[in-house]
Amino acid sequence: MNELTARLAEGKVVILDGAVSTEIQSRGAALDELSWASCATLDHPDIVREMHADYIRTGADVITANTYGAGHAVLRAAGMSAEEADALNRSSVELALEARDLVAAERSVWVAGSISSKRPSNSGNVTPTGPEAAAGFRRQGEVLARAGVDLILTEMMLDIPNATIVTEAALATGLPVWHGFSAELSEDGQSVVEWRDGFFVHPREPFGDLVATITAMGGEAAGIMHSYTPATTLALEVVRAHWSGPLLAYAETGHLHYPDWVFDEAASPDEYAAQAELWAASGVQIIGGCCGTNPDHIRKLREVLLSDS
């Protein structure tokens, strides 16, 4: 059992980093219509490296490589060959590892590789599925594992067909896998449904069916990400009904005006940490931030959730 797995088994809280893509944007790198923040790895490596370093400095135990938008289907639509996509994924991991080597001398820090549902923005708004997409996700997972990530985050799991092939690719690496589902409030605000927000046109399945199907495949942790805090809280109860392992939560704040994130309605670090305290009190162990959060949010999370700060 590795140290991170042991921490979770002991019931300890683990601090995940905050937003990657929107924090890259906030530091001056434009987000791309097709690949969002992925190409910042090539165009602005110093920004990406320093972002990771700042998350470590402010208390993150786990940082996430800039690979959320680096799936082969996305990068192919952006004009990259498979070999170029592999190289971008490797470089993204290398920047995270360099940041860890630069900063984390006195405590353990782990690097996660993200494999996400993100589809090419010119693809008709449907998450990638089918044999070609599955092969791309498998290849991305292999590259991330060889590059040195410590675990895989499956991010924005939205529907069973896509989430299944993403999860198969993640599990095939042999690394610990943390599942990140995304949800939004139903029309009556009393329950949650699979996240769509106008980007995806395929039919919804019941959110609980998605969670049950994917968690039954295996993994080390599961929870809710890239969802607003009210939906996150309700959706965590659905995950809890189908999953007995460690729970994770990292919510978004602000809103998207594609491809840019708008921060004017983002929760302050104090406001976000107050919500995170409630998640921790309910048993959520892995807590960080998604779009709209930054190193100040992570600093506050560590301050309020861990006693060693």
# chains A, B, ... in the order shown; residues from 1 in each chain; ligands from 1
call {"tool": "residues_around", "arguments": {"residues": "Ala267 of chain A", "least_positions_apart": "3", "cutoff": "10 Å", "atoms": "only C-alpha atoms", "output": "PDB file with C-alpha atoms, in the first residue's frame"}}
result
ATOM      1  CA  THR A 229     -21.562  23.596  -4.738  1.00  0.00           C
ATOM      2  CA  GLU A 252     -16.426  24.993  -9.695  1.00  0.00           C
ATOM      3  CA  THR A 253     -17.199  28.638  -9.016  1.00  0.00           C
ATOM      4  CA  GLY A 254     -17.815  31.441 -11.484  1.00  0.00           C
ATOM      5  CA  PHE A 263     -14.520  34.961 -12.342  1.00  0.00           C
ATOM      6  CA  ASP A 264     -16.822  37.804 -11.304  1.00  0.00           C
ATOM      7  CA  ASP A 270     -13.399  31.860   2.850  1.00  0.00           C
ATOM      8  CA  GLU A 271     -16.786  31.093   1.284  1.00  0.00           C
ATOM      9  CA  TYR A 272     -15.470  28.057  -0.520  1.00  0.00           C
ATOM     10  CA  ALA A 273     -13.675  26.717   2.556  1.00  0.00           C
ATOM     11  CA  GLY A 292     -12.622  29.420 -10.812  1.00  0.00           C
ATOM     12  CA  THR A 293     -10.534  28.440  -7.783  1.00  0.00           C
ATOM     13  CA  HIS A 297      -8.526  28.768  -2.147  1.00  0.00           C
TER      14      HIS A 297
END
call {"tool": "residues_around", "arguments": {"residues": "Trp110 of chain A", "least_positions_apart": "4", "cutoff": "10 Å", "atoms": "only C-alpha atoms", "output": "list in words"}}
result
Glu3, Leu4, Leu16, Ile56, Ala60, Asp61, Val62, Ile63, Thr64, Ala96, Leu97, Arg100, Ala104, Val149, Asp150 and Leu151 of chain A
call {"tool": "atom_distance", "arguments": {"atom1": "atom CA of Gln140 of chain A", "atom2": "atom CA of Asn294 of chain A"}}
result
26.4 Å
call {"tool": "residues_around", "arguments": {"residues": "Tyr68 of chain A", "least_positions_apart": "4", "cutoff": "8 Å", "atoms": "only C-alpha atoms", "output": "PDB file with N, CA and C atoms, in the first residue's frame"}}
result
ATOM      1  N   SER A  38      -4.819  22.904 -23.050  1.00  0.00           N
ATOM      2  CA  SER A  38      -3.785  21.899 -23.288  1.00  0.00           C
ATOM      3  C   SER A  38      -2.528  22.477 -23.915  1.00  0.00           C
ATOM      4  N   SER A 114      -4.863  13.601 -15.633  1.00  0.00           N
ATOM      5  CA  SER A 114      -6.287  13.701 -15.934  1.00  0.00           C
ATOM      6  C   SER A 114      -6.597  13.054 -17.272  1.00  0.00           C
ATOM      7  N   ILE A 115      -7.600  12.175 -17.270  1.00  0.00           N
ATOM      8  CA  ILE A 115      -8.211  11.686 -18.509  1.00  0.00           C
ATOM      9  C   ILE A 115      -9.682  12.078 -18.433  1.00  0.00           C
ATOM     10  N   SER A 116     -10.155  12.846 -19.395  1.00  0.00           N
ATOM     11  CA  SER A 116     -11.474  13.457 -19.240  1.00  0.00           C
ATOM     12  C   SER A 116     -12.429  13.082 -20.359  1.00  0.00           C
ATOM     13  N   LYS A 118     -13.729  15.310 -22.160  1.00  0.00           N
ATOM     14  CA  LYS A 118     -13.765  16.449 -23.089  1.00  0.00           C
ATOM     15  C   LYS A 118     -13.787  15.986 -24.537  1.00  0.00           C
ATOM     16  N   GLU A 155     -12.006  12.658 -15.184  1.00  0.00           N
ATOM     17  CA  GLU A 155     -12.665  13.928 -14.895  1.00  0.00           C
ATOM     18  C   GLU A 155     -13.856  14.180 -15.806  1.00  0.00           C
TER      19      GLU A 155
END
call {"tool": "residues_around", "arguments": {"residues": "Ile24 of chain A", "least_positions_apart": "6", "cutoff": "12 Å", "atoms": "only C-alpha atoms", "output": "PyMOL selection string"}}
result
chain A and resi 18+30-32+36-41+43-52+54+65-66+260-261+291-295
call {"tool": "write_last_selection", "arguments": {"atoms": "N, CA and C atoms", "output": "tab-separated table (two decimals), in the first residue's frame"}}
result
chain	number	residue	atom	x	y	z
A	18	GLY	N	-6.31	23.26	-6.98
A	18	GLY	CA	-7.46	23.98	-7.51
A	18	GLY	C	-7.50	23.86	-9.03
A	30	ALA	N	-4.01	32.39	-23.18
A	30	ALA	CA	-5.34	32.29	-23.78
A	30	ALA	C	-5.77	30.83	-23.89
A	31	LEU	N	-7.05	30.57	-23.63
A	31	LEU	CA	-7.59	29.24	-23.79
A	31	LEU	C	-8.03	29.04	-25.23
A	32	ASP	N	-7.82	27.84	-25.74
A	32	ASP	CA	-8.07	27.53	-27.14
A	32	ASP	C	-9.49	27.02	-27.34
A	36	TRP	N	-8.78	23.87	-25.27
A	36	TRP	CA	-8.88	24.67	-24.06
A	36	TRP	C	-7.48	25.01	-23.55
A	37	ALA	N	-7.00	24.45	-22.45
A	37	ALA	CA	-5.70	24.86	-21.90
A	37	ALA	C	-4.55	23.95	-22.29
A	38	SER	N	-4.82	22.90	-23.05
A	38	SER	CA	-3.79	21.90	-23.29
A	38	SER	C	-2.53	22.48	-23.92
A	39	CYS	N	-2.70	23.33	-24.91
A	39	CYS	CA	-1.54	23.82	-25.65
A	39	CYS	C	-0.71	24.82	-24.84
A	40	ALA	N	-1.21	25.26	-23.70
A	40	ALA	CA	-0.39	26.10	-22.83
A	40	ALA	C	0.87	25.37	-22.39
A	41	THR	N	0.80	24.04	-22.33
A	41	THR	CA	1.99	23.25	-22.00
A	41	THR	C	3.12	23.55	-22.97
A	43	ASP	N	3.05	26.31	-25.31
A	43	ASP	CA	3.20	27.74	-25.58
A	43	ASP	C	3.63	28.54	-24.35
A	44	HIS	N	3.24	28.07	-23.17
A	44	HIS	CA	3.53	28.81	-21.93
A	44	HIS	C	3.97	27.85	-20.82
A	45	PRO	N	5.02	27.08	-21.03
A	45	PRO	CA	5.42	26.10	-20.01
A	45	PRO	C	5.76	26.72	-18.67
A	46	ASP	N	6.32	27.93	-18.65
A	46	ASP	CA	6.67	28.56	-17.38
A	46	ASP	C	5.43	28.86	-16.56
A	47	ILE	N	4.36	29.29	-17.23
A	47	ILE	CA	3.10	29.55	-16.52
A	47	ILE	C	2.57	28.26	-15.91
A	48	VAL	N	2.58	27.20	-16.68
A	48	VAL	CA	2.05	25.93	-16.19
A	48	VAL	C	2.88	25.41	-15.02
A	49	ARG	N	4.19	25.44	-15.15
A	49	ARG	CA	5.07	24.96	-14.07
A	49	ARG	C	4.87	25.78	-12.79
A	50	GLU	N	4.83	27.09	-12.93
A	50	GLU	CA	4.71	27.94	-11.75
A	50	GLU	C	3.34	27.80	-11.10
A	51	MET	N	2.31	27.58	-11.90
A	51	MET	CA	0.99	27.29	-11.33
A	51	MET	C	1.05	26.07	-10.43
A	52	HIS	N	1.62	24.98	-10.93
A	52	HIS	CA	1.75	23.77	-10.11
A	52	HIS	C	2.55	24.06	-8.84
A	54	ASP	N	2.88	26.85	-7.25
A	54	ASP	CA	2.09	27.65	-6.31
A	54	ASP	C	1.06	26.81	-5.58
A	65	ALA	N	-1.70	17.22	-13.53
A	65	ALA	CA	-1.04	17.62	-14.78
A	65	ALA	C	-2.06	18.22	-15.74
A	66	ASN	N	-1.59	19.09	-16.61
A	66	ASN	CA	-2.46	19.81	-17.54
A	66	ASN	C	-2.83	18.93	-18.73
A	260	ASP	N	-13.50	31.05	-22.40
A	260	ASP	CA	-12.93	31.71	-21.23
A	260	ASP	C	-13.80	31.53	-19.99
A	261	TRP	N	-13.13	31.53	-18.84
A	261	TRP	CA	-13.84	31.45	-17.57
A	261	TRP	C	-14.05	32.86	-17.04
A	291	CYS	N	-12.81	24.70	-11.64
A	291	CYS	CA	-12.76	25.97	-12.37
A	291	CYS	C	-13.14	27.15	-11.48
A	292	GLY	N	-12.36	28.21	-11.57
A	292	GLY	CA	-12.62	29.42	-10.81
A	292	GLY	C	-11.89	29.52	-9.50
A	293	THR	N	-11.32	28.40	-9.02
A	293	THR	CA	-10.53	28.44	-7.78
A	293	THR	C	-9.06	28.66	-8.12
A	294	ASN	N	-8.27	28.98	-7.11
A	294	ASN	CA	-6.87	29.33	-7.33
A	294	ASN	C	-6.05	28.96	-6.09
A	295	PRO	N	-4.76	29.23	-6.06
A	295	PRO	CA	-3.96	28.85	-4.89
A	295	PRO	C	-4.44	29.44	-3.57
call {"tool": "residues_around", "arguments": {"residues": "Gln285 of chain A", "least_positions_apart": "4", "cutoff": "8 Å", "atoms": "only C-alpha atoms", "output": "ChimeraX atom specification"}}
result
/A:8,11-14,246-248,280
call {"tool": "atom_distance", "arguments": {"atom1": "atom CA of Trp195 of chain A", "atom2": "atom CA of Ile214 of chain A"}}
result
15.7 Å
call {"tool": "select_by_dssp", "arguments": {"residues": "segment 18-124 of chain A", "states": "strand (DSSP E or B)", "output": "ChimeraX atom specification"}}
result
/A:32,36,62-64,110-116
